[in-house]
Amino acid sequence: MPHHEHDIPRHTVDQIERANKSGRTPILFIHGLWLLPSSWDRWAALAEEEGYVALTPGWPDDPETVDEANEHPEVFAGKTVGQVADHYHEIIEALDRKPALIGHSFGGLLAQILAGRGLSAATVAVDAAPFRGVLPLPVSALRVASVVIANPANWWRAVPLTFDQFRYGFANAVTEEEAKELFAAFAVPAPGAPLFQAATANVNPWTEAKVDIENPERGPLLIISGERDNTVPRAITEAEFKRQQHNPGITEFTEIPGRGHSLTIDHGWSDVAAISFNFIRRFTA
């Protein structure tokens, strides 16, 4: 059992118990930076309609609502990749059946870390943050990360995005009007630490931002890339795909035309969900 300082919150315990009683294949959704578990609500509802049981646990100490998150940004501060991965590890160990994992952005990195620990029946990583061994550093990705990593003190802070930063990093491929709606509905502060960890992964042999790409228990993996993503451009997701092809398991790559980093929450979310569930259905009962 991984070391953890945070107990699993009650609503997550309820989701685990419900999943175990259902006898259905669980799909566990993992959000990334600047979003909350509620960003998966529509996906979770669709997963249930398709016969899965959905779990949307947060990172440790995630607030329930966007308003609460913006009022108390300090609750996000100081969370590291390893700490969050261990938190999800503990949740997965409480499930009776191995879940499928779907993660977005840093959630996509976490999903690959957990799959590398042999904890996933099938994994979908959407515009996943880079891990050790992924070398490309496109200018647009650096511009997004610099919101945090330009100031070393942000390691221990929670950092919000301005609307303009959100527009560039998430909502560059939707209308201004939709960008404003998404910002109001979903954007919350995020811990700075994971961005520093991803940025330094290739120079730190002890980094927590690393994935066991060779474990034969990893299971099938689909990497999804949004063609117009500024935060995690195709150069990064393609490099992840190439690294993950060292695994004996099935590894696939799909690019979704015309979509940015908001592809899991914007008007086209259901297209991405359909691709994800179709992949999972091939490998789960």
# chains A, B, ... in the order shown; residues from 1 in each chain; ligands from 1
>>> closest_atom_pairs(of="stretch 124-192 of chain A", to="stretch 52-67 of chain A", cutoff="10 Å", atoms="only C-alpha atoms", output="Markdown table")
| residue | atom | partner | partner_atom | distance |
| --- | --- | --- | --- | --- |
| A:Ala184 | CA | A:Val66 | CA | 8.4 |
| A:Ala185 | CA | A:Val66 | CA | 7.2 |
| A:Phe186 | CA | A:Val66 | CA | 6.4 |
| A:Ala187 | CA | A:Val66 | CA | 7.0 |
| A:Val188 | CA | A:Val66 | CA | 6.1 |
| A:Pro189 | CA | A:Val66 | CA | 9.3 |
>>> write_last_selection(atoms="all heavy atoms", output="JSON list (two decimals), in the first residue's frame")
[["chain", "number", "residue", "atom", "x", "y", "z"],
["A", 184, "ALA", "N", -15.32, 30.32, -16.84],
["A", 184, "ALA", "CA", -16.20, 30.54, -15.68],
["A", 184, "ALA", "C", -16.64, 29.21, -15.06],
["A", 184, "ALA", "O", -16.74, 29.08, -13.84],
["A", 184, "ALA", "CB", -17.41, 31.36, -16.10],
["A", 185, "ALA", "N", -16.89, 28.21, -15.91],
["A", 185, "ALA", "CA", -17.46, 26.95, -15.42],
["A", 185, "ALA", "C", -16.42, 26.00, -14.83],
["A", 185, "ALA", "O", -16.73, 25.22, -13.93],
["A", 185, "ALA", "CB", -18.18, 26.23, -16.57],
["A", 186, "PHE", "N", -15.18, 26.07, -15.30],
["A", 186, "PHE", "CA", -14.22, 25.00, -14.98],
["A", 186, "PHE", "C", -12.89, 25.44, -14.37],
["A", 186, "PHE", "O", -12.26, 24.64, -13.67],
["A", 186, "PHE", "CB", -13.90, 24.19, -16.24],
["A", 186, "PHE", "CG", -15.06, 23.43, -16.80],
["A", 186, "PHE", "CD1", -15.65, 23.78, -18.00],
["A", 186, "PHE", "CD2", -15.59, 22.34, -16.11],
["A", 186, "PHE", "CE1", -16.73, 23.08, -18.53],
["A", 186, "PHE", "CE2", -16.67, 21.62, -16.61],
["A", 186, "PHE", "CZ", -17.24, 21.99, -17.82],
["A", 187, "ALA", "N", -12.40, 26.64, -14.64],
["A", 187, "ALA", "CA", -11.01, 26.99, -14.29],
["A", 187, "ALA", "C", -10.83, 27.22, -12.79],
["A", 187, "ALA", "O", -11.60, 27.95, -12.18],
["A", 187, "ALA", "CB", -10.56, 28.23, -15.06],
["A", 188, "VAL", "N", -9.84, 26.58, -12.22],
["A", 188, "VAL", "CA", -9.51, 26.73, -10.79],
["A", 188, "VAL", "C", -7.98, 26.86, -10.66],
["A", 188, "VAL", "O", -7.25, 26.52, -11.59],
["A", 188, "VAL", "CB", -10.01, 25.53, -9.95],
["A", 188, "VAL", "CG1", -11.52, 25.41, -10.00],
["A", 188, "VAL", "CG2", -9.35, 24.22, -10.38],
["A", 189, "PRO", "N", -7.48, 27.32, -9.51],
["A", 189, "PRO", "CA", -6.03, 27.34, -9.30],
["A", 189, "PRO", "C", -5.45, 25.92, -9.33],
["A", 189, "PRO", "O", -6.18, 24.94, -9.15],
["A", 189, "PRO", "CB", -5.88, 27.97, -7.92],
["A", 189, "PRO", "CG", -7.15, 28.73, -7.70],
["A", 189, "PRO", "CD", -8.21, 27.92, -8.39]]
>>> residues_around(residues="stretch 148-160 of chain A", least_positions_apart="3", cutoff="7 Å", atoms="only C-alpha atoms", output="list in words")
Pro73, Glu74, Phe76, Ala77, Gly78, Ala145, Val188, Pro189, Ala190, Pro191, Gly192, Ala193, Leu195 and Phe196 of chain A
>>> select_by_dssp(residues="stretch 18-50 of chain A", states="helix (DSSP H, G or I)", output="VMD selection string")
chain A and resid 18 to 22 37 to 49
>>> residues_around(residues="A:Ile102", least_positions_apart="2", cutoff="12 Å", atoms="only C-alpha atoms", output="PyMOL selection string")
chain A and resi 26-32+40+43-44+47+54-57+99-100+104-112+114-115+120-128+221-224+264+272-273+275-277+279-280
>>> select_by_dssp(residues="stretch 70-281 of chain A", states="strand (DSSP E)", output="CSV table (one decimal) with C-alpha atoms, in the first residue's frame")
chain,number,residue,atom,x,y,z
A,100,ALA,CA,-10.0,1.4,-17.1
A,101,LEU,CA,-8.3,4.8,-16.7
A,102,ILE,CA,-9.0,8.0,-18.6
A,103,GLY,CA,-6.8,11.0,-17.8
A,104,HIS,CA,-6.4,14.5,-19.3
A,123,THR,CA,-5.8,3.4,-20.4
A,124,VAL,CA,-6.6,6.5,-22.4
A,125,ALA,CA,-4.2,9.4,-22.0
A,126,VAL,CA,-5.6,12.6,-23.5
A,158,ALA,CA,-1.3,27.4,-6.0
A,159,VAL,CA,-1.4,29.4,-9.3
A,190,ALA,CA,-3.5,24.5,-9.6
A,191,PRO,CA,-0.4,23.4,-7.6
A,221,LEU,CA,-2.9,2.3,-24.0
A,222,LEU,CA,-4.4,4.9,-26.3
A,223,ILE,CA,-2.7,8.3,-26.5
A,224,ILE,CA,-5.0,11.1,-27.9
A,225,SER,CA,-3.6,14.4,-29.2
A,226,GLY,CA,-5.6,17.5,-29.9
A,251,THR,CA,-0.1,1.1,-27.9
A,252,GLU,CA,-2.2,3.3,-30.2
A,253,PHE,CA,-2.2,7.0,-31.1
A,254,THR,CA,-5.0,9.2,-32.4
A,255,GLU,CA,-5.0,12.9,-33.3
A,256,ILE,CA,-8.3,14.8,-33.2
>>> closest_residue(among="A:Leu36, A:Ala285, A:Val232, A:Leu46", to="A:Gly260", atoms="only C-alpha atoms")
A:Val232
>>> closest_residue(among="A:Gly82, A:Pro248, A:Gly51, A:Pro216", to="A:Ile113", atoms="only C-alpha atoms")
A:Gly82
>>> closest_residue(among="A:Val81, A:Ile91, A:Ala69, A:Leu161", to="A:Thr207", atoms="only C-alpha atoms")
A:Val81
